[in-house]
Amino acid sequence: MTGARRVLILGATSGIAQAVARVYAAEGARLALVARSREHLSAVAADLAVRGGEVVLQRATDLCEIEGHRTLVAEAEQALDGLDVVLVAHGVLPDQQACQEEPRRAVASWDVNFTSAAALMEAAAERMAVAENGVLGVLSSVAGERGRADNYVYGAAKAALTAYASGLGHRLRGRGVTVVTIKPGPVDTPMVAGRKLNPRLVADVDEVGRRIHRALERGERVVYVPGRWRWIMAVIRALPIRLFERLRF
Amino acid sequence: MVRQRAVEDTGQASGPESWGRYPRVAQEALPLAWVDDPLPSGAAVLPYGMGRSYGDSCLNAEGPVLLTRGLRRFISFDADAGVLRAEAGTTLGEVTELVLGRGWLPPVLPGTQFVTLGGAVANDIHGKNHHRAGAFGRHVRALGLRRSDGSLGTLHPGDPLFAATIAGLGLTGLITWVEVQLERVPSGWVNTEAKRFRSLEEAEALDDASRDTHSHTVAWIDGLARGRSLGRGVYFRGNLAEGPATPPRRPKPRNVTFEAPDFLLSPFLLRTFNALYDHLPRWRSRTSVWKFFHPLDALGAWNRLYGRRGFFQHQSVVPDMEGVRALLALTSTRGQGSFLSVLKRFGALQSPGMLSFPRPGWTLTIDVPNRGEETLACLDEMDAVVRTYGGAIYPAKDARMSGETFRRGYPRLDEFATFIDPGFRSRFWSRVMG
């Protein structure tokens with residue numbers, strides 16, 4: 001691959017997305033950035049420009065408005081003059097308890113974490129398949145591997161997203177487009193700030209950013225970040241249900 | 001935003017703590033992701049960056065600390081003029097990594113790269129080049145300050161609130177961004193020399209001979225040597241050098257993940273360890289800026305080597321070498337010193353901050369493992385020596401000095417107090433100012 005990478009990041013103000021974008025920016029990539037808050041987006045864009053990135057598009061929009069997705073992707077493709085990498089990174093970590101009590105809140109979080117993300121992937125895949133080029137990365141989560149009492153509202157959306165990404169990758173086989181499903185464990189970002197987590201299990205966001213960048217560039221299909229989560233989750237998935245239910249973690 | 005509450009204890013580390021790991025207090029923490037995040041109302045807050053302040057100046061007994069590490073975006077960089085603006089949670093290491101390849105370096109670098117710009121301002125930090133460059137605050141062109149009344153200001157040198165915020169211990173409001181004038185450097189390499197000296201007179205003579213020829217000078221002192229050996233050590237001096245165009249890579253931080261058992265801290269072992277420095281031959285070499293400026297980072301979380309009880313770092317400045325001699329004599333006879341004592345002569349360049357620590361004279365830094373009451377008593381005696389010689393103690397390192405000691409060292413204290421944001425408070429301030 002020669003020339004500057006053309007990268008579209010959806011949910012560009014998320015902590016993990018920023019870390020990935022920093023790596024691309026330092027390589028001199030061309031970047032199109034989409035997020036909800038105009039102010040935060042421009043702070044991120046300025047940072048990436050200082051680091052060496054060329055930010056060709058900033059779009060402040062609510063990604064839950066699915067009707068706008070096709071236009072958005074087309075616009076980014078035009079501004080970037082093609083799409084090498086698309087990263088779907090927007091998401092929220094809802095309050096499990098509050099969602100149990102008020103189903104609307106759960107549904108609202110699914111709109112962000114699953115519905116809009118899946119629709120966006122489809123919109124991006126459509127353009128990329130036409131060009132027969134590109135890597136489509138999506139931020140899922142280890143939380144989608146097995147529902148746990150503490151965060152199954154979040155986990156359910158991520159499980160659906162993982163399944164969707166798998167199916168999309170399957171469909172696009174041989175069409176020049178690779179789908180990369182990214183499953184981070186807890187990462188030191190504002191999203192998990194304030195949760196009671198074992199500090200040893202919380203990964204450094206810069207390391208996570210570098211790992212995801214590498215996975216996207218290599219076109220790895222499924223990547224756990226950090227890598228140890230692959231084995232941790234394999235064990236957790238394999239636990240007999242009666243044992244699993246007795247554990248609180 | 002969600003608040004997190006750390007476990008109150010003296011054992012397992014959790015939640016923000018200071019570098020000396022003393023005192024350990026239950027500390028609520030509130031992470032900031034954006035400069036316009038809402039600040040909590042009610043209890044007074046205190047910004048917390050990398051937690052490299054040693055005592056309690058980065059802790060808050062009465063409310064939450066605001067974790068500023070999420071504010072780490074660059075805002076602008078003029079590579080021709082060497083002017084960089086970044087959010088206040090950006091570390092000096094991140095700045096160095098960005099600008100070194102384009103021939104620039106932060107104008108003042110402390111012993112660790114893991115300090116934020118906000119922390120560098122709030123403590124008006126100094127480095128090995130103080131005799132040439134002065135303290136960090138001299139190089140700040142502008143900064144953003146958010147006050148608890150909702151106001152948001154841009155401050156410049158000359159503004160009274162600017163002078164209060166430089167070395168203002170984070171008490172004048174939340175520093176949101178900092179614009180700094182960088183220093184032009186020929187490469188990422190430093191020509192260094194090390195020379196042994198046998199006495200403080202020799203150290204002073206070396207410094208006299210090096211001040212005009214070397215931009216960076218510092219001495220390591222054997223803090224445990226007594227009698228005729230008192231004041232022996234190694235003098236380091238260096239100049240930024242011509243070197244390969246590719247800058248040296250930023251080393252990956254390593255970490256001490258264990259806490260040293262107490263027996264490792266026995267005076268005998270410290271003395272043995274310390275004697276090693278004295279057996280260094282005289283040498284010259286070319287060192288990367290990362291190694292030269294940030295020797296403390298070679299060991300990662302070296303503070304854990306002092307075990308669970310933590311340690312004190314006593315950093316004072318006294319006008320002349322007599323004060324240094326008195327301090328060393330005191331700590332060595334008490335067996336309270338440690339393997340890393342650092343001596344540096346500050347230059348005459350004045351800091352803009354009302355509470356700036358650097359001033360003409362010698363600054364001596366002694367690590368003192370916490371052995372309880374006898375340690376505290378020894379530290380009080382050290383303070384008395386500093387007062388006698390008309391010196392001052394560095395708040396960024398302090399966990400126990402008296403209000404009287406603080407007041408005597410900082411004549412502009414009352415003036416400073418009028419600029420404090422009523423919504424900001426630190427444990428240091430509550431303790432010292434009551």
# chains A, B, ... in the order shown; residues from 1 in each chain; ligands from 1
$ interface_residues --of "chain A" --to "chain B" --cutoff "12 Å" --atoms "only C-alpha atoms" --output "PDB file with N, CA and C atoms, in the first residue's frame"
ATOM      1  N   THR A  13     -14.632  10.874  18.757  1.00  0.00           N
ATOM      2  CA  THR A  13     -14.260  11.462  20.048  1.00  0.00           C
ATOM      3  C   THR A  13     -14.217  10.419  21.157  1.00  0.00           C
ATOM      4  N   SER A  14     -14.518   9.166  20.846  1.00  0.00           N
ATOM      5  CA  SER A  14     -14.403   8.128  21.875  1.00  0.00           C
ATOM      6  C   SER A  14     -12.927   7.948  22.231  1.00  0.00           C
ATOM      7  N   GLY A  15     -12.682   7.545  23.454  1.00  0.00           N
ATOM      8  CA  GLY A  15     -11.305   7.430  23.923  1.00  0.00           C
ATOM      9  C   GLY A  15     -10.479   6.475  23.074  1.00  0.00           C
ATOM     10  N   ILE A  16     -11.048   5.315  22.740  1.00  0.00           N
ATOM     11  CA  ILE A  16     -10.300   4.337  21.941  1.00  0.00           C
ATOM     12  C   ILE A  16     -10.113   4.842  20.512  1.00  0.00           C
ATOM     13  N   GLN A  18      -9.865   7.866  19.519  1.00  0.00           N
ATOM     14  CA  GLN A  18      -8.810   8.892  19.521  1.00  0.00           C
ATOM     15  C   GLN A  18      -7.429   8.242  19.537  1.00  0.00           C
ATOM     16  N   ALA A  19      -7.298   7.185  20.310  1.00  0.00           N
ATOM     17  CA  ALA A  19      -5.987   6.526  20.412  1.00  0.00           C
ATOM     18  C   ALA A  19      -5.595   5.900  19.073  1.00  0.00           C
ATOM     19  N   ALA A  21      -6.729   6.901  16.149  1.00  0.00           N
ATOM     20  CA  ALA A  21      -6.526   8.019  15.223  1.00  0.00           C
ATOM     21  C   ALA A  21      -5.157   8.653  15.418  1.00  0.00           C
ATOM     22  N   ARG A  22      -4.680   8.695  16.666  1.00  0.00           N
ATOM     23  CA  ARG A  22      -3.354   9.274  16.920  1.00  0.00           C
ATOM     24  C   ARG A  22      -2.272   8.507  16.173  1.00  0.00           C
ATOM     25  N   ALA A  25      -2.600   9.347  12.518  1.00  0.00           N
ATOM     26  CA  ALA A  25      -2.176  10.733  12.271  1.00  0.00           C
ATOM     27  C   ALA A  25      -0.652  10.825  12.226  1.00  0.00           C
ATOM     28  N   ALA A  26      -0.004  10.124  13.160  1.00  0.00           N
ATOM     29  CA  ALA A  26       1.459  10.177  13.213  1.00  0.00           C
ATOM     30  C   ALA A  26       2.083   9.600  11.943  1.00  0.00           C
ATOM     31  N   SER A  37     -20.476  15.824  19.094  1.00  0.00           N
ATOM     32  CA  SER A  37     -20.217  17.185  19.556  1.00  0.00           C
ATOM     33  C   SER A  37     -19.235  17.920  18.660  1.00  0.00           C
ATOM     34  N   GLU A  39     -17.711  20.767  19.231  1.00  0.00           N
ATOM     35  CA  GLU A  39     -16.567  21.308  19.979  1.00  0.00           C
ATOM     36  C   GLU A  39     -15.530  20.210  20.228  1.00  0.00           C
ATOM     37  N   HIS A  40     -16.014  19.063  20.685  1.00  0.00           N
ATOM     38  CA  HIS A  40     -15.080  17.989  20.993  1.00  0.00           C
ATOM     39  C   HIS A  40     -14.402  17.480  19.724  1.00  0.00           C
ATOM     40  N   LEU A  41     -15.177  17.436  18.672  1.00  0.00           N
ATOM     41  CA  LEU A  41     -14.626  16.977  17.399  1.00  0.00           C
ATOM     42  C   LEU A  41     -13.510  17.907  16.919  1.00  0.00           C
ATOM     43  N   SER A  42     -13.718  19.205  17.082  1.00  0.00           N
ATOM     44  CA  SER A  42     -12.679  20.105  16.589  1.00  0.00           C
ATOM     45  C   SER A  42     -11.437  20.028  17.474  1.00  0.00           C
ATOM     46  N   ALA A  43     -11.613  19.720  18.763  1.00  0.00           N
ATOM     47  CA  ALA A  43     -10.437  19.525  19.631  1.00  0.00           C
ATOM     48  C   ALA A  43      -9.643  18.297  19.173  1.00  0.00           C
ATOM     49  N   VAL A  44     -10.366  17.239  18.821  1.00  0.00           N
ATOM     50  CA  VAL A  44      -9.697  16.018  18.348  1.00  0.00           C
ATOM     51  C   VAL A  44      -9.010  16.274  17.007  1.00  0.00           C
ATOM     52  N   ALA A  45      -9.713  16.992  16.124  1.00  0.00           N
ATOM     53  CA  ALA A  45      -9.145  17.264  14.799  1.00  0.00           C
ATOM     54  C   ALA A  45      -7.857  18.080  14.916  1.00  0.00           C
ATOM     55  N   ALA A  46      -7.863  19.075  15.804  1.00  0.00           N
ATOM     56  CA  ALA A  46      -6.666  19.906  15.978  1.00  0.00           C
ATOM     57  C   ALA A  46      -5.500  19.049  16.469  1.00  0.00           C
ATOM     58  N   ASP A  47      -5.790  18.174  17.420  1.00  0.00           N
ATOM     59  CA  ASP A  47      -4.751  17.293  17.965  1.00  0.00           C
ATOM     60  C   ASP A  47      -4.153  16.416  16.871  1.00  0.00           C
ATOM     61  N   LEU A  48      -5.029  15.837  16.036  1.00  0.00           N
ATOM     62  CA  LEU A  48      -4.547  14.934  14.994  1.00  0.00           C
ATOM     63  C   LEU A  48      -3.753  15.685  13.940  1.00  0.00           C
ATOM     64  N   ALA A  49      -4.156  16.921  13.675  1.00  0.00           N
ATOM     65  CA  ALA A  49      -3.416  17.728  12.699  1.00  0.00           C
ATOM     66  C   ALA A  49      -2.011  18.031  13.226  1.00  0.00           C
ATOM     67  N   VAL A  50      -1.912  18.382  14.525  1.00  0.00           N
ATOM     68  CA  VAL A  50      -0.590  18.656  15.102  1.00  0.00           C
ATOM     69  C   VAL A  50       0.294  17.417  15.005  1.00  0.00           C
ATOM     70  N   ARG A  51      -0.310  16.239  15.138  1.00  0.00           N
ATOM     71  CA  ARG A  51       0.463  14.997  15.108  1.00  0.00           C
ATOM     72  C   ARG A  51       0.863  14.562  13.705  1.00  0.00           C
ATOM     73  N   GLY A  52       0.370  15.267  12.713  1.00  0.00           N
ATOM     74  CA  GLY A  52       0.796  14.947  11.355  1.00  0.00           C
ATOM     75  C   GLY A  52      -0.303  14.423  10.455  1.00  0.00           C
ATOM     76  N   LEU A  93     -21.758   3.279  27.441  1.00  0.00           N
ATOM     77  CA  LEU A  93     -21.819   2.244  28.469  1.00  0.00           C
ATOM     78  C   LEU A  93     -22.972   2.612  29.396  1.00  0.00           C
ATOM     79  N   PRO A  94     -24.139   1.966  29.205  1.00  0.00           N
ATOM     80  CA  PRO A  94     -25.308   2.386  29.978  1.00  0.00           C
ATOM     81  C   PRO A  94     -25.234   1.854  31.409  1.00  0.00           C
ATOM     82  N   ASP A  95     -25.999   2.500  32.264  1.00  0.00           N
ATOM     83  CA  ASP A  95     -26.115   2.071  33.651  1.00  0.00           C
ATOM     84  C   ASP A  95     -27.054   0.863  33.705  1.00  0.00           C
ATOM     85  N   ASP A 188      -8.588   2.146  29.855  1.00  0.00           N
ATOM     86  CA  ASP A 188      -8.526   3.354  30.658  1.00  0.00           C
ATOM     87  C   ASP A 188      -9.028   4.562  29.853  1.00  0.00           C
ATOM     88  N   THR A 189     -10.341   4.672  29.711  1.00  0.00           N
ATOM     89  CA  THR A 189     -10.947   5.801  28.998  1.00  0.00           C
ATOM     90  C   THR A 189     -12.061   6.379  29.869  1.00  0.00           C
ATOM     91  N   PRO A 190     -12.544   7.550  29.490  1.00  0.00           N
ATOM     92  CA  PRO A 190     -13.640   8.138  30.276  1.00  0.00           C
ATOM     93  C   PRO A 190     -14.863   7.219  30.375  1.00  0.00           C
ATOM     94  N   MET A 191     -15.056   6.329  29.374  1.00  0.00           N
ATOM     95  CA  MET A 191     -16.253   5.492  29.396  1.00  0.00           C
ATOM     96  C   MET A 191     -16.280   4.563  30.602  1.00  0.00           C
ATOM     97  N   VAL A 192     -15.127   4.056  30.990  1.00  0.00           N
ATOM     98  CA  VAL A 192     -15.123   3.148  32.143  1.00  0.00           C
ATOM     99  C   VAL A 192     -14.724   3.861  33.424  1.00  0.00           C
ATOM    100  N   ALA A 193     -14.360   5.143  33.304  1.00  0.00           N
ATOM    101  CA  ALA A 193     -13.941   5.870  34.504  1.00  0.00           C
ATOM    102  C   ALA A 193     -15.059   5.833  35.525  1.00  0.00           C
ATOM    103  N   GLY A 194     -14.708   5.587  36.743  1.00  0.00           N
ATOM    104  CA  GLY A 194     -15.707   5.573  37.790  1.00  0.00           C
ATOM    105  C   GLY A 194     -16.267   4.188  38.055  1.00  0.00           C
ATOM    106  N   ARG A 195     -15.983   3.227  37.161  1.00  0.00           N
ATOM    107  CA  ARG A 195     -16.429   1.853  37.449  1.00  0.00           C
ATOM    108  C   ARG A 195     -15.445   1.217  38.415  1.00  0.00           C
ATOM    109  N   LYS A 196     -15.945   0.344  39.232  1.00  0.00           N
ATOM    110  CA  LYS A 196     -15.042  -0.354  40.140  1.00  0.00           C
ATOM    111  C   LYS A 196     -14.394  -1.500  39.398  1.00  0.00           C
ATOM    112  N   LEU A 197     -13.188  -1.296  38.971  1.00  0.00           N
ATOM    113  CA  LEU A 197     -12.509  -2.329  38.200  1.00  0.00           C
ATOM    114  C   LEU A 197     -11.152  -2.590  38.814  1.00  0.00           C
ATOM    115  N   ASN A 198     -10.731  -3.806  38.715  1.00  0.00           N
ATOM    116  CA  ASN A 198      -9.376  -4.134  39.135  1.00  0.00           C
ATOM    117  C   ASN A 198      -8.399  -3.405  38.214  1.00  0.00           C
ATOM    118  N   PRO A 199      -7.575  -2.509  38.783  1.00  0.00           N
ATOM    119  CA  PRO A 199      -6.690  -1.711  37.918  1.00  0.00           C
ATOM    120  C   PRO A 199      -5.773  -2.559  37.037  1.00  0.00           C
ATOM    121  N   ARG A 200      -5.487  -3.786  37.467  1.00  0.00           N
ATOM    122  CA  ARG A 200      -4.636  -4.651  36.648  1.00  0.00           C
ATOM    123  C   ARG A 200      -5.314  -5.077  35.351  1.00  0.00           C
ATOM    124  N   VAL A 205      -4.780   3.046  27.189  1.00  0.00           N
ATOM    125  CA  VAL A 205      -5.476   3.373  25.944  1.00  0.00           C
ATOM    126  C   VAL A 205      -4.511   3.513  24.757  1.00  0.00           C
ATOM    127  N   ASP A 206      -3.299   3.979  25.004  1.00  0.00           N
ATOM    128  CA  ASP A 206      -2.356   4.109  23.889  1.00  0.00           C
ATOM    129  C   ASP A 206      -1.917   2.748  23.357  1.00  0.00           C
ATOM    130  N   GLU A 207      -1.713   1.820  24.280  1.00  0.00           N
ATOM    131  CA  GLU A 207      -1.356   0.469  23.837  1.00  0.00           C
ATOM    132  C   GLU A 207      -2.500  -0.147  23.037  1.00  0.00           C
TER     133      GLU A 207
END
$ select_by_dssp --residues "range 82-191 of chain A" --states "strand (DSSP E or B)" --output "ChimeraX atom specification"
/A:85-88,135-139,178-184,187
$ residues_around --residues "Thr71 in chain A" --least-positions-apart "5" --cutoff "10 Å" --atoms "only C-alpha atoms" --output "list of chain:residue names"
A:Ala76, A:Glu77, A:Ala123
$ write_last_selection --atoms "N, CA and C atoms" --output "short mmCIF file (atom, residue, chain, number, x, y, z; two decimals), in the first residue's frame"
data_model
loop_
_atom_site.label_atom_id
_atom_site.label_comp_id
_atom_site.auth_asym_id
_atom_site.auth_seq_id
_atom_site.Cartn_x
_atom_site.Cartn_y
_atom_site.Cartn_z
N ALA A 76 -17.67 11.26 2.97
CA ALA A 76 -16.33 10.97 3.47
C ALA A 76 -15.47 10.34 2.38
N GLU A 77 -16.07 9.45 1.62
CA GLU A 77 -15.34 8.79 0.54
C GLU A 77 -14.83 9.82 -0.48
N ALA A 123 -23.79 0.56 5.49
CA ALA A 123 -23.62 1.70 4.57
C ALA A 123 -22.18 1.78 4.08
#
$ select_by_dssp --residues "range 24-132 of chain A" --states "helix (DSSP H, G or I)" --output "JSON, numbers by chain"
{"A": [24, 25, 26, 38, 39, 40, 41, 42, 43, 44, 45, 46, 47, 48, 49, 50, 66, 67, 68, 69, 70, 71, 72, 73, 74, 75, 76, 77, 78, 79, 80, 96, 97, 98, 99, 100, 101, 103, 104, 105, 106, 107, 108, 109, 110, 111, 112, 113, 114, 115, 116, 117, 118, 119, 120, 121, 122, 123, 124, 125, 126, 127, 128, 129, 130, 131]}
$ residues_around --residues "Ala61 in chain B" --least-positions-apart "5" --cutoff "10 Å" --atoms "only C-alpha atoms" --output "PDB file with C-alpha atoms, in the first residue's frame"
ATOM      1  CA  VAL B  25      -6.025   9.068  52.356  1.00  0.00           C
ATOM      2  CA  ALA B  26      -9.372   8.031  50.973  1.00  0.00           C
ATOM      3  CA  GLN B  27      -9.585  10.063  47.836  1.00  0.00           C
ATOM      4  CA  GLU B  28     -12.545  10.586  45.583  1.00  0.00           C
ATOM      5  CA  ALA B  44     -13.886  21.961  46.871  1.00  0.00           C
ATOM      6  CA  VAL B  45     -11.875  20.216  44.130  1.00  0.00           C
ATOM      7  CA  LEU B  46      -8.233  19.906  43.135  1.00  0.00           C
ATOM      8  CA  ASP B  56      -0.097  15.944  49.772  1.00  0.00           C
ATOM      9  CA  ARG B 425      -8.460  23.190  47.913  1.00  0.00           C
ATOM     10  CA  SER B 426      -5.609  20.768  48.557  1.00  0.00           C
ATOM     11  CA  ARG B 427      -4.703  18.722  51.559  1.00  0.00           C
ATOM     12  CA  PHE B 428      -1.363  20.520  51.594  1.00  0.00           C
ATOM     13  CA  TRP B 429      -3.056  23.892  51.801  1.00  0.00           C
ATOM     14  CA  SER B 430      -5.510  22.823  54.495  1.00  0.00           C
ATOM     15  CA  ARG B 431      -2.673  21.358  56.524  1.00  0.00           C
TER      16      ARG B 431
END
$ residues_around --residues "Glu183 in chain B" --least-positions-apart "3" --cutoff "6 Å" --atoms "only C-alpha atoms" --output "ChimeraX atom specification"
/B:104-105,107
$ residues_around --residues "Gly403 in chain B" --least-positions-apart "4" --cutoff "9 Å" --atoms "only C-alpha atoms" --output "list in words"
Arg407, Arg408, Arg431, Val432, Met433 and Gly434 of chain B
$ write_last_selection --atoms "N, CA and C atoms" --output "mmCIF file, in the first residue's frame"
data_model
loop_
_atom_site.group_PDB
_atom_site.id
_atom_site.type_symbol
_atom_site.label_atom_id
_atom_site.label_comp_id
_atom_site.auth_asym_id
_atom_site.auth_seq_id
_atom_site.Cartn_x
_atom_site.Cartn_y
_atom_site.Cartn_z
ATOM 1 N N ARG B 407 5.529 29.745 55.626
ATOM 2 C CA ARG B 407 5.366 31.194 55.612
ATOM 3 C C ARG B 407 6.719 31.901 55.481
ATOM 4 N N ARG B 408 7.700 31.412 56.217
ATOM 5 C CA ARG B 408 9.008 32.076 56.182
ATOM 6 C C ARG B 408 9.684 31.931 54.828
ATOM 7 N N ARG B 431 -3.583 21.739 55.439
ATOM 8 C CA ARG B 431 -2.673 21.358 56.524
ATOM 9 C C ARG B 431 -1.771 22.523 56.926
ATOM 10 N N VAL B 432 -1.189 23.170 55.915
ATOM 11 C CA VAL B 432 -0.173 24.178 56.214
ATOM 12 C C VAL B 432 -0.789 25.516 56.605
ATOM 13 N N MET B 433 -1.902 25.849 55.951
ATOM 14 C CA MET B 433 -2.502 27.148 56.228
ATOM 15 C C MET B 433 -3.652 27.052 57.222
ATOM 16 N N GLY B 434 -3.997 25.810 57.591
ATOM 17 C CA GLY B 434 -5.021 25.606 58.611
ATOM 18 C C GLY B 434 -6.366 26.144 58.183
#
$ closest_residue --among "A:Gly227, A:Asp204, A:Leu33, A:Met128" --to "Thr61 in chain A" --atoms "only C-alpha atoms"
A:Leu33
$ residues_around --residues "Val153 in chain A" --least-positions-apart "3" --cutoff "10 Å" --atoms "only C-alpha atoms" --output "list of chain:residue names"
A:Leu93, A:Pro94, A:Asp95, A:Gln96, A:Gln97, A:Cys99, A:Gln100, A:Pro103, A:Arg105, A:Ala106, A:Val107, A:Ser109, A:Trp110, A:Ala143, A:Gly144, A:Gly147, A:Arg148, A:Ala149, A:Asp150, A:Ala156, A:Ala157, A:Lys158
